[in-house]
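Below is one structure, written out as structure tokens; the observations come after it.
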Amino acid sequence: MADVNRGNRPLSPHLTIYRPQFTSVTSILTRITGNALIVGTLLTVWWLIALASGPEYFECANAVMTSWFGKLVMLGSLWALSYHYMAGLRHLWWDSGRGFELDKAKTLAIVVVAGSFVLTILALLII
Amino acid sequence: MSFLTDRKRANGLGSSKSGTAHHWQMMIGSTALILLVPLFVYVFGSAIGLGYDDAIAHFAKPFNAIITGLTITVGMIHFRHGVQIMLEDYVHGHTRTYLIAGAACLSYGLIAVALFALARIAL
């Protein structure tokens, strides 16, 4: 019919055609950390249901949780959570219509990265 | 050769009209998580490494149980909406539909399991 090229049109340019910049990398990391947090959540909820199931099953889940693998997942999740937290605050700041100027956007990117490490270390010190 | 008219084929191909509601939901959820996440990190962090009896006593406390339940519930709804945007960006066709549905099942499933566990521990 009129539209012979249906379903075979080119898509808009995406990630691959742009040169990575500090600000864009911090934005992409927001998505990566947010979605990666599902791994830590699965471990957390599994540990909780094991705790509810009784001492034997808890021993098993707690052994995984306190093993080097569990600690690695939890430490990684803590940083991912801190990073996603900072990036989320930046999103809410942007939603208020502020922080889009080039110099401010660069400052915000540095704040997000630095803040993620500060929050991680702070959490480790308090716990 | 399709018997559909051009008009019929173009129908419904506009915006979903649910984007604003989606964004608003994300803003509300993330604002709640600003408060919940630090509390949860404290509650859950101090539970790791405890023995069985101590861990049960820890999550039997109303504050700890409520913070854990709320954070996982709000967090998983936040995840469901966030992962949907990622899937809409990178996955196309039927695979996209199945993955979005699968992510919703996973999110609500994790909420149900966590709340069940907390109810069993705390009550």
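The chains in the structure tokens are called A, B, ... from first to last as shown; in each chain the residues are counted from 1, and the ligands are counted from 1 in the order shown.
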
I'd like the contact shell of Gly115 in chain A - 12 Å cut-off, only C-alpha atoms, skipping same-chain residues fewer than 2 positions apart - returned as a PDB file with N, CA and C atoms, in the first residue's frame.
```
ATOM      1  N   TRP A  79      27.256  -0.113  47.330  1.00  0.00           N
ATOM      2  CA  TRP A  79      27.745   0.979  46.495  1.00  0.00           C
ATOM      3  C   TRP A  79      26.706   1.333  45.426  1.00  0.00           C
ATOM      4  N   ALA A  80      26.120   0.291  44.782  1.00  0.00           N
ATOM      5  CA  ALA A  80      25.117   0.533  43.734  1.00  0.00           C
ATOM      6  C   ALA A  80      23.935   1.312  44.298  1.00  0.00           C
ATOM      7  N   LEU A  81      23.520   0.935  45.520  1.00  0.00           N
ATOM      8  CA  LEU A  81      22.406   1.619  46.175  1.00  0.00           C
ATOM      9  C   LEU A  81      22.774   3.076  46.465  1.00  0.00           C
ATOM     10  N   SER A  82      24.006   3.294  46.950  1.00  0.00           N
ATOM     11  CA  SER A  82      24.472   4.657  47.237  1.00  0.00           C
ATOM     12  C   SER A  82      24.511   5.484  45.961  1.00  0.00           C
ATOM     13  N   TYR A  83      25.048   4.867  44.896  1.00  0.00           N
ATOM     14  CA  TYR A  83      25.150   5.594  43.632  1.00  0.00           C
ATOM     15  C   TYR A  83      23.764   5.945  43.092  1.00  0.00           C
ATOM     16  N   HIS A  84      22.871   4.933  43.086  1.00  0.00           N
ATOM     17  CA  HIS A  84      21.520   5.132  42.559  1.00  0.00           C
ATOM     18  C   HIS A  84      20.762   6.161  43.403  1.00  0.00           C
ATOM     19  N   TYR A  85      21.056   6.184  44.696  1.00  0.00           N
ATOM     20  CA  TYR A  85      20.448   7.148  45.618  1.00  0.00           C
ATOM     21  C   TYR A  85      20.854   8.571  45.236  1.00  0.00           C
ATOM     22  N   MET A  86      22.179   8.760  45.051  1.00  0.00           N
ATOM     23  CA  MET A  86      22.679  10.083  44.673  1.00  0.00           C
ATOM     24  C   MET A  86      22.131  10.502  43.307  1.00  0.00           C
ATOM     25  N   ALA A  87      22.141   9.554  42.352  1.00  0.00           N
ATOM     26  CA  ALA A  87      21.653   9.868  41.008  1.00  0.00           C
ATOM     27  C   ALA A  87      20.151  10.159  41.028  1.00  0.00           C
ATOM     28  N   GLY A  88      19.433   9.481  41.934  1.00  0.00           N
ATOM     29  CA  GLY A  88      17.995   9.729  42.071  1.00  0.00           C
ATOM     30  C   GLY A  88      17.729  11.127  42.592  1.00  0.00           C
ATOM     31  N   LEU A  89      18.545  11.538  43.573  1.00  0.00           N
ATOM     32  CA  LEU A  89      18.423  12.912  44.089  1.00  0.00           C
ATOM     33  C   LEU A  89      18.670  13.915  42.964  1.00  0.00           C
ATOM     34  N   ARG A  90      19.687  13.603  42.122  1.00  0.00           N
ATOM     35  CA  ARG A  90      19.986  14.495  40.991  1.00  0.00           C
ATOM     36  C   ARG A  90      18.794  14.568  40.034  1.00  0.00           C
ATOM     37  N   THR A 107      29.306  19.619  37.631  1.00  0.00           N
ATOM     38  CA  THR A 107      29.467  19.591  39.093  1.00  0.00           C
ATOM     39  C   THR A 107      28.584  18.503  39.697  1.00  0.00           C
ATOM     40  N   LEU A 108      27.325  18.427  39.231  1.00  0.00           N
ATOM     41  CA  LEU A 108      26.397  17.425  39.760  1.00  0.00           C
ATOM     42  C   LEU A 108      26.931  16.013  39.535  1.00  0.00           C
ATOM     43  N   ALA A 109      27.553  15.778  38.351  1.00  0.00           N
ATOM     44  CA  ALA A 109      28.095  14.445  38.044  1.00  0.00           C
ATOM     45  C   ALA A 109      29.199  14.086  39.036  1.00  0.00           C
ATOM     46  N   ILE A 110      30.053  15.073  39.348  1.00  0.00           N
ATOM     47  CA  ILE A 110      31.131  14.821  40.321  1.00  0.00           C
ATOM     48  C   ILE A 110      30.530  14.551  41.700  1.00  0.00           C
ATOM     49  N   VAL A 111      29.499  15.325  42.064  1.00  0.00           N
ATOM     50  CA  VAL A 111      28.854  15.142  43.365  1.00  0.00           C
ATOM     51  C   VAL A 111      28.259  13.742  43.479  1.00  0.00           C
ATOM     52  N   VAL A 112      27.632  13.274  42.376  1.00  0.00           N
ATOM     53  CA  VAL A 112      27.008  11.947  42.394  1.00  0.00           C
ATOM     54  C   VAL A 112      28.060  10.861  42.633  1.00  0.00           C
ATOM     55  N   VAL A 113      29.167  10.913  41.879  1.00  0.00           N
ATOM     56  CA  VAL A 113      30.202   9.883  42.005  1.00  0.00           C
ATOM     57  C   VAL A 113      30.864   9.948  43.384  1.00  0.00           C
ATOM     58  N   PHE A 117      30.573   7.131  46.990  1.00  0.00           N
ATOM     59  CA  PHE A 117      31.630   6.532  47.818  1.00  0.00           C
ATOM     60  C   PHE A 117      31.519   7.000  49.266  1.00  0.00           C
ATOM     61  N   VAL A 118      31.176   8.282  49.455  1.00  0.00           N
ATOM     62  CA  VAL A 118      31.015   8.800  50.821  1.00  0.00           C
ATOM     63  C   VAL A 118      29.904   8.040  51.543  1.00  0.00           C
ATOM     64  N   LEU A 119      28.753   7.851  50.865  1.00  0.00           N
ATOM     65  CA  LEU A 119      27.629   7.146  51.490  1.00  0.00           C
ATOM     66  C   LEU A 119      27.993   5.702  51.810  1.00  0.00           C
ATOM     67  N   THR A 120      28.725   5.044  50.873  1.00  0.00           N
ATOM     68  CA  THR A 120      29.131   3.650  51.100  1.00  0.00           C
ATOM     69  C   THR A 120      30.002   3.545  52.333  1.00  0.00           C
ATOM     70  N   ILE A 121      31.018   4.414  52.422  1.00  0.00           N
ATOM     71  CA  ILE A 121      31.944   4.361  53.560  1.00  0.00           C
ATOM     72  C   ILE A 121      31.218   4.712  54.854  1.00  0.00           C
ATOM     73  N   LEU A 122      30.330   5.708  54.771  1.00  0.00           N
ATOM     74  CA  LEU A 122      29.543   6.113  55.936  1.00  0.00           C
ATOM     75  C   LEU A 122      28.707   4.938  56.457  1.00  0.00           C
ATOM     76  N   ALA A 123      28.043   4.230  55.527  1.00  0.00           N
ATOM     77  CA  ALA A 123      27.213   3.093  55.919  1.00  0.00           C
ATOM     78  C   ALA A 123      28.066   2.009  56.558  1.00  0.00           C
TER      79      ALA A 123
END
```

Write out as a Markdown table a residue-level contact list of chain A versus chain B with cut-off 10 Å: for each qualifying residue the closest pair of atoms and the distance in Å to one decimal, counting only C-alpha atoms, rows sorted by chain and residue number upward.
```
| residue | atom | partner | partner_atom | distance |
| --- | --- | --- | --- | --- |
| A:Met1 | CA | B:Asp6 | CA | 7.6 |
| A:Ala2 | CA | B:Asp6 | CA | 7.4 |
| A:Asp3 | CA | B:Asp6 | CA | 8.2 |
| A:His14 | CA | B:Asp89 | CA | 9.4 |
| A:Arg31 | CA | B:Met86 | CA | 7.7 |
| A:Ile32 | CA | B:Met86 | CA | 9.6 |
| A:Gly34 | CA | B:Phe79 | CA | 7.5 |
| A:Asn35 | CA | B:Val83 | CA | 6.6 |
| A:Leu37 | CA | B:Phe79 | CA | 8.9 |
| A:Ile38 | CA | B:Phe79 | CA | 8.1 |
| A:Thr41 | CA | B:Ile72 | CA | 8.2 |
| A:Leu42 | CA | B:Leu110 | CA | 7.6 |
| A:Thr44 | CA | B:Phe44 | CA | 8.8 |
| A:Val45 | CA | B:Ala114 | CA | 5.6 |
| A:Trp46 | CA | B:Ala114 | CA | 8.3 |
| A:Trp47 | CA | B:Ala114 | CA | 9.5 |
| A:Leu48 | CA | B:Ala117 | CA | 6.1 |
| A:Ile49 | CA | B:Ala117 | CA | 4.9 |
| A:Ala50 | CA | B:Ala117 | CA | 8.1 |
| A:Leu51 | CA | B:Ile56 | CA | 7.2 |
| A:Ala52 | CA | B:Ala117 | CA | 5.2 |
| A:Ser53 | CA | B:Ala117 | CA | 8.0 |
| A:Gly54 | CA | B:Tyr52 | CA | 8.3 |
| A:Pro55 | CA | B:Tyr52 | CA | 6.1 |
| A:Glu56 | CA | B:Tyr52 | CA | 9.3 |
| A:Phe58 | CA | B:Tyr52 | CA | 7.0 |
| A:Glu59 | CA | B:Tyr52 | CA | 7.8 |
| A:Asn62 | CA | B:Gly49 | CA | 7.7 |
| A:Ala63 | CA | B:Gly49 | CA | 9.4 |
| A:Met65 | CA | B:Ile48 | CA | 7.8 |
| A:Thr66 | CA | B:Gly49 | CA | 6.8 |
| A:Lys71 | CA | B:Ile48 | CA | 9.9 |
| A:Met74 | CA | B:Gly45 | CA | 9.5 |
| A:Leu78 | CA | B:Val41 | CA | 8.3 |
| A:Leu81 | CA | B:Val37 | CA | 8.4 |
| A:Ser82 | CA | B:Val37 | CA | 9.3 |
| A:Tyr85 | CA | B:Ile34 | CA | 7.3 |
| A:Met86 | CA | B:Ile34 | CA | 9.5 |
| A:Gly88 | CA | B:Ser30 | CA | 7.1 |
| A:Leu89 | CA | B:Ile34 | CA | 8.0 |
| A:His91 | CA | B:Met27 | CA | 8.9 |
| A:Leu92 | CA | B:Met27 | CA | 7.1 |
| A:Asp95 | CA | B:Met27 | CA | 8.7 |
| A:Leu119 | CA | B:Pro38 | CA | 9.6 |
| A:Ala123 | CA | B:Val41 | CA | 7.6 |
| A:Leu124 | CA | B:Gly45 | CA | 8.7 |
| A:Ile126 | CA | B:Tyr42 | CA | 7.9 |
| A:Ile127 | CA | B:Ser46 | CA | 5.8 |
```

All alpha helix (DSSP H) residues (DSSP, backbone) inside chain B, as number ranges by chain
B: 6-10, 19-45, 52-60, 62-90, 93-122

Please measure the separation of CA of Trp68 in chain A and CA of Ile67 in chain B, giving the value in Å to one decimal.
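Between these atoms lies a distance of 27.0 Å.
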
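Coordinates place CA of Ser77 in chain A at a distance of 24.8 Å from CA of Lys61 in chain B.
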